[in-house]
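Here is entry.cif, consisting of mmCIF, C-alpha atoms:
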```
data_coords
loop_
_atom_site.label_atom_id
_atom_site.label_comp_id
_atom_site.auth_asym_id
_atom_site.auth_seq_id
_atom_site.Cartn_x
_atom_site.Cartn_y
_atom_site.Cartn_z
CA ALA A 1 -62.07 52.97 150.46
CA GLN A 2 -64.26 54.23 147.68
CA SER A 3 -66.83 56.99 147.56
CA VAL A 4 -68.99 59.00 145.23
CA ALA A 5 -70.14 62.58 145.45
CA GLN A 6 -73.11 64.01 143.62
CA PRO A 7 -72.91 67.68 144.56
CA GLU A 8 -76.38 68.63 143.41
CA ASP A 9 -79.48 67.36 145.18
CA GLN A 10 -81.66 68.67 142.38
CA VAL A 11 -81.26 69.68 138.76
CA ASN A 12 -84.03 71.52 136.95
CA VAL A 13 -84.01 72.04 133.20
CA ALA A 14 -86.49 72.91 130.50
CA GLU A 15 -87.45 70.27 127.97
CA GLY A 16 -85.17 70.40 124.96
CA ASN A 17 -82.28 71.91 126.89
CA PRO A 18 -79.08 70.06 127.72
CA LEU A 19 -79.00 68.09 130.94
CA THR A 20 -75.90 67.50 133.07
CA VAL A 21 -75.75 65.58 136.32
CA LYS A 22 -72.43 65.81 138.11
CA CYS A 23 -70.48 63.02 139.76
CA THR A 24 -67.03 62.80 141.25
CA TYR A 25 -65.47 59.69 142.71
CA SER A 26 -62.66 58.36 144.82
CA VAL A 27 -61.17 54.87 144.59
CA SER A 28 -57.86 53.34 145.44
CA GLY A 29 -57.50 51.37 142.23
CA ASN A 30 -58.90 51.63 138.73
CA PRO A 31 -62.48 52.91 138.80
CA TYR A 32 -65.46 51.15 137.32
CA LEU A 33 -68.16 53.82 137.03
CA PHE A 34 -71.89 53.48 136.55
CA TRP A 35 -75.02 55.57 136.19
CA TYR A 36 -78.43 54.31 137.20
CA VAL A 37 -81.86 55.93 137.07
CA GLN A 38 -84.70 55.31 139.50
CA TYR A 39 -88.31 56.17 138.90
CA PRO A 40 -90.69 56.50 141.88
CA ASN A 41 -91.26 53.26 143.75
CA ARG A 42 -89.12 51.33 141.28
CA GLY A 43 -85.74 49.68 141.29
CA LEU A 44 -82.66 51.04 139.56
CA GLN A 45 -82.27 50.90 135.83
CA PHE A 46 -78.79 50.66 134.35
CA LEU A 47 -77.93 53.55 132.02
CA LEU A 48 -74.25 53.21 131.20
CA LYS A 49 -70.84 52.29 132.51
CA TYR A 50 -67.19 53.07 132.08
CA ILE A 51 -64.74 50.22 132.52
CA THR A 52 -61.94 51.02 130.11
CA GLY A 53 -61.45 52.45 126.65
CA ASP A 54 -62.97 55.63 125.28
CA ASN A 55 -63.59 58.26 127.89
CA LEU A 56 -66.96 59.11 126.35
CA VAL A 57 -69.47 56.35 126.86
CA LYS A 58 -72.93 56.23 125.39
CA GLY A 59 -75.80 54.56 127.11
CA SER A 60 -79.54 54.09 127.11
CA TYR A 61 -82.16 56.71 126.27
CA GLY A 62 -79.67 59.10 124.67
CA PHE A 63 -77.54 59.54 127.77
CA GLU A 64 -73.79 59.71 127.71
CA ALA A 65 -71.07 60.30 130.26
CA GLU A 66 -67.48 61.38 130.10
CA PHE A 67 -64.78 59.85 132.24
CA ASN A 68 -62.20 62.42 133.31
CA LYS A 69 -59.38 60.83 135.23
CA SER A 70 -57.57 64.03 136.16
CA GLN A 71 -60.73 65.52 137.63
CA THR A 72 -61.99 62.18 138.93
CA SER A 73 -65.35 62.95 137.42
CA PHE A 74 -67.97 61.04 135.48
CA HIS A 75 -70.71 63.52 134.64
CA LEU A 76 -73.89 62.32 132.99
CA LYS A 77 -75.17 64.28 130.03
CA LYS A 78 -78.05 64.38 127.61
CA PRO A 79 -78.10 66.92 124.76
CA SER A 80 -81.86 67.44 124.79
CA ALA A 81 -83.83 66.54 127.90
CA LEU A 82 -87.33 65.11 127.89
CA VAL A 83 -90.03 65.44 130.52
CA SER A 84 -89.86 61.66 130.87
CA ASP A 85 -86.24 61.98 132.01
CA SER A 86 -87.50 63.37 135.32
CA ALA A 87 -86.28 60.87 137.90
CA LEU A 88 -83.66 60.17 140.54
CA TYR A 89 -80.18 59.53 139.18
CA PHE A 90 -77.43 57.66 140.96
CA CYS A 91 -73.74 57.57 140.17
CA ALA A 92 -71.87 54.54 141.46
CA VAL A 93 -68.28 53.39 141.57
CA ARG A 94 -66.40 50.27 142.41
CA ASP A 95 -62.78 49.40 142.49
CA SER A 96 -61.64 46.98 139.82
CA ASN A 97 -60.79 44.51 142.58
CA ASP A 98 -64.12 44.62 144.40
CA TYR A 99 -67.66 43.99 143.20
CA LYS A 100 -69.35 46.14 145.82
CA LEU A 101 -70.76 49.37 144.49
CA SER A 102 -70.68 52.65 146.36
CA PHE A 103 -73.48 55.04 145.49
CA GLY A 104 -73.77 58.76 145.52
CA ALA A 105 -76.62 60.40 147.38
CA GLY A 106 -78.59 60.78 144.19
CA THR A 107 -79.70 63.76 142.12
CA THR A 108 -83.33 64.46 141.42
CA VAL A 109 -83.80 65.68 137.88
CA THR A 110 -86.90 67.62 136.96
CA VAL A 111 -87.52 68.45 133.33
CA ARG A 112 -90.30 70.97 132.85
CA ALA A 113 -92.38 71.13 129.73
CA GLY B 1 -80.42 43.78 129.16
CA ALA B 2 -80.37 41.30 131.97
CA VAL B 3 -83.45 41.04 134.16
CA VAL B 4 -83.62 40.70 137.89
CA SER B 5 -87.00 39.96 139.40
CA GLN B 6 -88.03 40.65 142.97
CA HIS B 7 -91.08 39.30 144.73
CA PRO B 8 -93.21 40.49 146.36
CA SER B 9 -93.21 44.09 145.22
CA ARG B 10 -95.18 45.09 148.29
CA VAL B 11 -95.79 43.28 151.53
CA ILE B 12 -97.44 44.20 154.80
CA CYS B 13 -96.77 42.10 157.85
CA LYS B 14 -97.55 42.22 161.53
CA SER B 15 -94.92 43.15 164.03
CA GLY B 16 -93.13 40.07 165.31
CA THR B 17 -93.64 37.98 162.20
CA SER B 18 -91.11 37.10 159.52
CA VAL B 19 -91.26 37.94 155.86
CA LYS B 20 -89.29 36.61 152.91
CA ILE B 21 -88.30 38.54 149.79
CA GLU B 22 -87.07 36.70 146.72
CA CYS B 23 -84.59 37.91 144.15
CA ARG B 24 -84.19 36.02 140.88
CA SER B 25 -81.93 36.54 137.91
CA LEU B 26 -84.14 35.58 134.99
CA ASP B 27 -81.78 35.25 132.05
CA PHE B 28 -78.33 34.94 133.52
CA GLN B 29 -76.54 33.18 136.31
CA ALA B 30 -75.71 35.40 139.22
CA THR B 31 -72.75 34.25 141.22
CA THR B 32 -73.10 37.22 143.49
CA MET B 33 -76.19 39.04 144.63
CA PHE B 34 -76.42 42.13 146.79
CA TRP B 35 -79.14 43.32 149.12
CA TYR B 36 -79.76 47.01 149.73
CA ARG B 37 -82.05 49.06 151.87
CA GLN B 38 -83.28 52.45 150.76
CA PHE B 39 -85.07 55.03 152.87
CA PRO B 40 -87.30 57.59 151.14
CA LYS B 41 -85.36 60.04 149.01
CA GLN B 42 -82.06 58.60 150.17
CA SER B 43 -79.32 56.58 148.61
CA LEU B 44 -78.96 52.83 148.75
CA MET B 45 -77.37 51.25 151.78
CA LEU B 46 -75.65 47.95 151.15
CA MET B 47 -76.77 45.37 153.68
CA ALA B 48 -75.00 42.23 152.55
CA THR B 49 -73.27 40.45 149.72
CA SER B 50 -74.53 36.99 148.89
CA ASN B 51 -72.43 34.41 147.09
CA GLU B 52 -74.01 31.23 145.78
CA GLY B 53 -73.41 28.30 148.06
CA SER B 54 -71.72 30.23 150.84
CA LYS B 55 -72.66 32.41 153.76
CA ALA B 56 -73.52 36.02 153.11
CA THR B 57 -71.16 38.78 154.07
CA TYR B 58 -72.88 41.47 156.07
CA GLU B 59 -71.97 45.13 156.22
CA GLN B 60 -71.10 46.67 159.53
CA GLY B 61 -74.15 47.40 161.62
CA VAL B 62 -76.44 44.95 159.83
CA GLU B 63 -77.73 42.17 162.08
CA LYS B 64 -77.20 38.85 160.35
CA ASP B 65 -79.66 37.08 162.64
CA LYS B 66 -82.36 39.56 161.80
CA PHE B 67 -81.77 39.73 158.06
CA LEU B 68 -81.27 36.15 156.94
CA ILE B 69 -79.89 35.76 153.44
CA ASN B 70 -79.85 32.53 151.51
CA HIS B 71 -78.32 32.10 148.07
CA ALA B 72 -79.06 28.48 147.29
CA SER B 73 -78.77 28.62 143.52
CA LEU B 74 -77.20 30.74 140.81
CA THR B 75 -80.54 32.37 140.06
CA LEU B 76 -82.14 32.85 143.45
CA SER B 77 -81.33 34.70 146.64
CA THR B 78 -83.75 35.33 149.47
CA LEU B 79 -83.84 37.89 152.26
CA THR B 80 -85.86 37.00 155.32
CA VAL B 81 -86.62 39.74 157.81
CA THR B 82 -87.16 37.91 161.08
CA SER B 83 -89.27 39.19 163.96
CA ALA B 84 -90.03 42.30 161.98
CA HIS B 85 -90.65 45.60 163.70
CA PRO B 86 -92.04 48.87 162.34
CA GLU B 87 -88.53 50.32 162.04
CA ASP B 88 -87.75 47.59 159.52
CA SER B 89 -90.28 49.14 157.17
CA SER B 90 -88.33 50.18 154.11
CA PHE B 91 -87.68 49.66 150.43
CA TYR B 92 -85.43 46.65 149.89
CA ILE B 93 -83.63 46.22 146.59
CA CYS B 94 -81.56 43.32 145.36
CA SER B 95 -79.00 43.30 142.60
CA ALA B 96 -77.01 40.69 140.79
CA ARG B 97 -73.82 40.76 138.82
CA ASP B 98 -73.49 38.98 135.52
CA SER B 99 -70.77 36.50 134.67
CA SER B 100 -68.41 39.19 133.44
CA GLY B 101 -68.89 40.91 136.76
CA ASN B 102 -68.75 44.30 135.14
CA THR B 103 -72.41 45.22 135.25
CA ILE B 104 -74.75 44.89 138.19
CA TYR B 105 -78.48 44.73 137.50
CA PHE B 106 -81.14 45.68 140.00
CA GLY B 107 -84.51 44.28 140.86
CA GLU B 108 -87.62 46.42 141.03
CA GLY B 109 -87.51 46.56 144.79
CA SER B 110 -89.84 45.41 147.54
CA TRP B 111 -91.74 47.69 149.87
CA LEU B 112 -92.01 46.23 153.34
CA THR B 113 -94.45 47.74 155.80
CA VAL B 114 -94.53 46.36 159.32
CA VAL B 115 -97.64 47.25 161.27
#
```

Exercise: express the given structure as structure tokens:
Amino acid sequence: AQSVAQPEDQVNVAEGNPLTVKCTYSVSGNPYLFWYVQYPNRGLQFLLKYITGDNLVKGSYGFEAEFNKSQTSFHLKKPSALVSDSALYFCAVRDSNDYKLSFGAGTTVTVRA
Amino acid sequence: GAVVSQHPSRVICKSGTSVKIECRSLDFQATTMFWYRQFPKQSLMLMATSNEGSKATYEQGVEKDKFLINHASLTLSTLTVTSAHPEDSSFYICSARDSSGNTIYFGEGSWLTVV
């Protein structure tokens, strides 16, 4: 079984400040980890993924995430948030042997000007 | 990146009728496509996994006779909601995995309203 936890329903930050969205996961095998962003009434846009290799992965729009195996975490970060980053963010995981993704509940990010 | 197109983006249908939603991978071949349902401000619920040329695999609790999925080609999967009822009103999202299988791309979603 696999699962994802996003402990924060909402994250509020001021524009220009660092943004962190937390994610922890549970899988039986090697984890494949993903972050997606969803704007209102839209589908999900792929931001970044961790499959193997460097624990720090860089993705679209200046986002990055760090894979931490010991803490089973994959937190999303952006050094300087923009108002346009306000959206719903989903962390997802799948086992290396299964293509089905399990999603977290989502975190709503609000960046105030 | 890869593009997945969904059509229609919004549809309104009368209770008791059927409605079809298409999901196309525009610039890659999608061996596997997934159909999700999302309620407002909630996460995505996987409904079924669709493999080209074979029957879809439905998640527990999803009625296969109500949500018909066809994956006739490597670029097209369809979801047909049969005998729709107001409780079927929802946001339906498809996704497709690329040939490497490592990244799954999502469509823009389809709003279904049953009146």

Determine the residue membership of the PyMOL selection byres ((chain A and resi 48-57) around 7) for the file above and supply it as a list in words.
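Taken on the displayed file, the PyMOL selection byres ((chain A and resi 48-57) around 7) yields the residues Tyr32, Leu33, Phe34, Trp35, Phe46, Leu47, Lys58, Gly59, Ser60, Glu64, Ala65, Glu66, Phe67 and Asn68 of chain A.
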
By how many Å are atom CA of B:Gln60 and atom CA of B:Ser110 apart?
22.3 Å

When the PyMOL selection byres ((chain B) within 8 of (chain A)) is applied to the structure above, which residues does it catch, written out as a PyMOL selection string?
chain B and resi 42-44+49+93+101-103+105-109

Spell out the residues picked by the PyMOL selection byres ((chain B and resi 70-79) around 6) here, as a list in words.
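After applying the PyMOL selection byres ((chain B and resi 70-79) around 6), what remains is Lys20, Ile21, Glu22, Cys23, Arg24, Ser25, Gln29, Ala30, Thr31, Glu52, Gly53, Leu68, Ile69 and Thr80 of chain B.
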
Around the point (-88.1, 49.2, 163.4), in the coordinates given by the file, pick out the residues reaching within 12 Å, counting only C-alpha atoms, and return them as number ranges by chain.
B: 14-16, 66, 81-90, 112-115

Restricting the calculation to all atoms listed in the file: of A:Ala92, A:Ala5, A:Cys23, A:Val37, which residue gets closest to A:Phe74?
A:Cys23

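Distance-wise, atom CA of A:Ala1 and atom CA of A:Ala87 end up 28.4 Å apart.
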
Would you mind listing what lies within 7 Å of A:Ser80 as a list in words, with all atoms listed in the file counted and same-chain residues fewer than 2 positions away left out?
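My reading of the contact set: Gly16, Asn17, Pro18, Leu19, Lys78 and Leu82 of chain A.
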